[in-house]
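> My file is final.txt. It has compact mmCIF, C-alpha atoms:
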# COMPACT_ATOMS: atom_id res chain seq x y z
CA MET A 965 2.95 -13.47 47.38
CA ARG A 966 4.47 -10.03 46.88
CA ARG A 967 2.29 -7.39 45.19
CA PHE A 968 3.64 -4.64 43.00
CA GLU A 969 2.37 -2.42 40.21
CA ILE A 970 4.01 -2.14 36.81
CA THR A 971 3.48 1.46 35.70
CA ASN A 972 5.35 1.71 32.38
CA ARG A 973 8.14 0.33 30.24
CA VAL A 974 11.32 2.40 30.02
CA GLY A 975 14.22 1.30 27.86
CA GLY A 976 12.98 -2.27 27.76
CA GLN A 977 12.88 -2.57 31.56
CA MET A 978 9.83 -2.61 33.77
CA SER A 979 9.39 0.32 36.12
CA VAL A 980 7.84 -0.24 39.53
CA LYS A 981 5.95 2.64 41.11
CA VAL A 982 7.13 3.48 44.63
CA ALA A 983 6.40 6.08 47.31
CA ARG A 984 8.84 7.61 49.79
CA LYS A 985 8.56 10.26 52.47
CA PHE A 986 11.70 12.26 53.18
CA LEU A 987 12.53 14.43 56.18
CA ILE A 988 15.36 16.81 55.36
CA ARG A 989 17.31 18.43 58.20
CA GLY A 990 19.87 21.21 58.19
CA ASP A 991 19.70 24.79 56.93
CA VAL A 992 16.79 24.09 54.61
CA GLN A 993 14.24 26.82 55.33
CA GLY A 994 14.47 30.34 53.96
CA VAL A 995 16.86 29.29 51.17
CA GLY A 996 14.43 28.33 48.38
CA TYR A 997 14.54 24.64 49.26
CA ARG A 998 10.85 23.90 48.57
CA PHE A 999 10.97 25.48 45.12
CA PHE A 1000 14.23 23.65 44.40
CA ALA A 1001 12.43 20.41 45.35
CA GLN A 1002 9.50 21.31 43.08
CA ARG A 1003 11.83 21.83 40.10
CA ALA A 1004 13.66 18.56 40.89
CA ALA A 1005 10.33 16.71 41.06
CA ALA A 1006 9.34 18.08 37.65
CA HIS A 1007 12.73 17.10 36.23
CA HIS A 1008 12.43 13.54 37.55
CA GLN A 1009 8.69 13.30 36.84
CA VAL A 1010 7.57 12.43 40.36
CA VAL A 1011 4.39 13.59 42.08
CA GLY A 1012 3.67 14.48 45.71
CA TYR A 1013 4.44 17.48 47.88
CA VAL A 1014 7.05 19.40 49.85
CA LYS A 1015 6.46 21.53 52.95
CA ASN A 1016 8.26 23.28 55.78
CA MET A 1017 7.93 21.72 59.22
CA PRO A 1018 7.66 23.67 62.49
CA ASP A 1019 11.01 22.31 63.76
CA GLY A 1020 12.95 23.84 60.81
CA SER A 1021 13.11 20.68 58.71
CA VAL A 1022 11.43 20.07 55.34
CA GLU A 1023 9.17 17.12 54.53
CA ALA A 1024 8.73 15.78 51.01
CA LEU A 1025 6.63 12.94 49.69
CA ALA A 1026 7.35 11.52 46.24
CA GLU A 1027 5.62 8.87 44.13
CA GLY A 1028 6.80 7.58 40.79
CA PRO A 1029 9.07 5.06 39.13
CA ALA A 1030 11.72 3.74 41.53
CA ARG A 1031 14.63 5.21 39.55
CA SER A 1032 12.97 8.62 39.41
CA VAL A 1033 12.27 8.72 43.14
CA GLU A 1034 15.87 7.67 43.85
CA ALA A 1035 17.22 10.46 41.60
CA PHE A 1036 14.85 12.94 43.29
CA MET A 1037 16.19 11.88 46.71
CA ASN A 1038 19.75 12.48 45.51
CA ASP A 1039 18.77 16.02 44.52
CA LEU A 1040 17.13 16.55 47.93
CA ALA A 1041 20.39 15.51 49.59
CA THR A 1042 22.26 18.14 47.57
CA GLY A 1043 19.76 20.98 48.00
CA PRO A 1044 19.89 24.46 46.49
CA ARG A 1045 22.92 26.72 46.55
CA TYR A 1046 22.45 28.39 49.96
CA SER A 1047 21.15 25.34 51.83
CA ARG A 1048 23.15 22.96 53.99
CA VAL A 1049 21.60 19.50 54.11
CA GLU A 1050 22.75 17.56 57.16
CA GLN A 1051 20.44 14.55 56.98
CA VAL A 1052 17.80 13.01 54.73
CA GLU A 1053 15.62 10.47 56.50
CA GLU A 1054 13.71 8.15 54.18
CA ARG A 1055 10.50 6.29 54.96
CA VAL A 1056 9.06 3.68 52.59
CA LEU A 1057 5.33 4.02 51.90
CA ASP A 1058 2.83 2.24 49.70
CA PRO A 1059 1.96 4.30 46.62
CA THR A 1060 -1.57 5.69 46.83
CA GLY A 1061 -1.93 7.31 43.41
CA GLU A 1062 -3.66 10.29 45.05
CA TYR A 1063 -1.21 12.85 43.62
CA SER A 1064 -1.35 14.01 40.01
CA SER A 1065 1.31 16.73 40.36
CA PHE A 1066 4.00 17.91 42.74
CA ARG A 1067 3.02 20.86 44.92
CA VAL A 1068 4.57 23.20 47.44
CA GLU A 1069 2.49 23.21 50.62
CA ARG A 1070 2.54 26.03 53.12
Go through the file and emit its structure as C-alpha cells.

Amino acid sequence: MRRFEITNRVGGQMSVKVARKFLIRGDVQGVGYRFFAQRAAAHHQVVGYVKNMPDGSVEALAEGPARSVEAFMNDLATGPRYSRVEQVEERVLDPTGEYSSFRVER
C-alpha cells in the first residue's frame, strides 16, 4: 500500500505534499542566487532552505504541494540575472514537516 498525505484542495484537485533536495551547479555563488531562491520559494509557497556549498554549488530543500515544488525547481534552473545554471540535480525525499518557512542558511 502506498502512503501519501493530502495537504489541501486547489481548484478541485487534491494536492500531494512532496519534498525535494536540489543541488545547483554553475556560476551560482556571489550573484544573489540564494536570495533569488528565497523570493521564488515565497512566490510558490514552499518551505525549506537554501545554502552555499563549499564546492561552489548551491543546495536547496523544498517542501510543499507537488506543483509548487516543480515550479520552484523551474525557477532554480533559470536563476537570477547574473547566474549561469549548468545543472540542477534533484533528489526525492519524504516530507518531514519540520520547516514552517523558507530560509537562507549561511
> Please indicate the distance in Å from atom CA of Pro1018 of chain A to atom CA of Asp1058 of chain A, rounded to one decimal place.
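Here the two named atoms are 25.4 Å from each other.
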> Kindly provide the residues of segment 981-1017 of chain A that approach segment 1046-1050 of chain A to within 8 Å, each paired with its closest atom pair and their distance in Å to one decimal, based on only C-alpha atoms, listed by chain and increasing number, as a tab-separated table.

residue	atom	partner	partner_atom	distance
A:Ile988	CA	A:Val1049	CA	6.9
A:Arg989	CA	A:Glu1050	CA	5.6
A:Gly990	CA	A:Val1049	CA	4.8
A:Asp991	CA	A:Arg1048	CA	4.9
A:Val992	CA	A:Ser1047	CA	5.3
A:Gln993	CA	A:Ser1047	CA	7.9
A:Val995	CA	A:Tyr1046	CA	5.8
A:Tyr997	CA	A:Ser1047	CA	7.1
> Restricting the calculation to all atoms listed in the file: of A:Tyr1013, A:Glu1062, A:His1008, A:Arg1070, which residue gets closest to Lys985 of chain A?
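Of the candidates, the smallest distance to Lys985 of chain A is held by A:Tyr1013.
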> Could you name the residues that touch Gly1028 of chain A at 6 Å or less, counting all atoms listed in the file, but leaving out those on the same chain fewer than 5 positions away, as a VMD selection string?
chain A and resid 981 to 982 1010
> Give me the residues near Ala1006 of chain A as a PyMOL selection string, where near means some atom within 10 Å (using all atoms listed in the file) and where sequence neighbours in that chain fewer than 3 positions away do not count.
chain A and resi 1001-1003+1009-1011+1036+1065-1066
> Keeping C-alpha atoms, export the residues of the selection given above as a PDB file, in the frame of the given file.

ATOM      1  CA  ALA A1001      12.430  20.410  45.350  1.00  0.00           C
ATOM      2  CA  GLN A1002       9.500  21.310  43.080  1.00  0.00           C
ATOM      3  CA  ARG A1003      11.830  21.830  40.100  1.00  0.00           C
ATOM      4  CA  GLN A1009       8.690  13.300  36.840  1.00  0.00           C
ATOM      5  CA  VAL A1010       7.570  12.430  40.360  1.00  0.00           C
ATOM      6  CA  VAL A1011       4.390  13.590  42.080  1.00  0.00           C
ATOM      7  CA  PHE A1036      14.850  12.940  43.290  1.00  0.00           C
ATOM      8  CA  SER A1065       1.310  16.730  40.360  1.00  0.00           C
ATOM      9  CA  PHE A1066       4.000  17.910  42.740  1.00  0.00           C
TER      10      PHE A1066
END
> Taking all atoms listed in the file into account, which of A:Val980, A:Ala1030, A:Ala1004, A:Val1014 comes nearest Thr1042 of chain A?
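Comparing A:Val980, A:Ala1030, A:Ala1004, A:Val1014 against Thr1042 of chain A, the winner is A:Ala1004.
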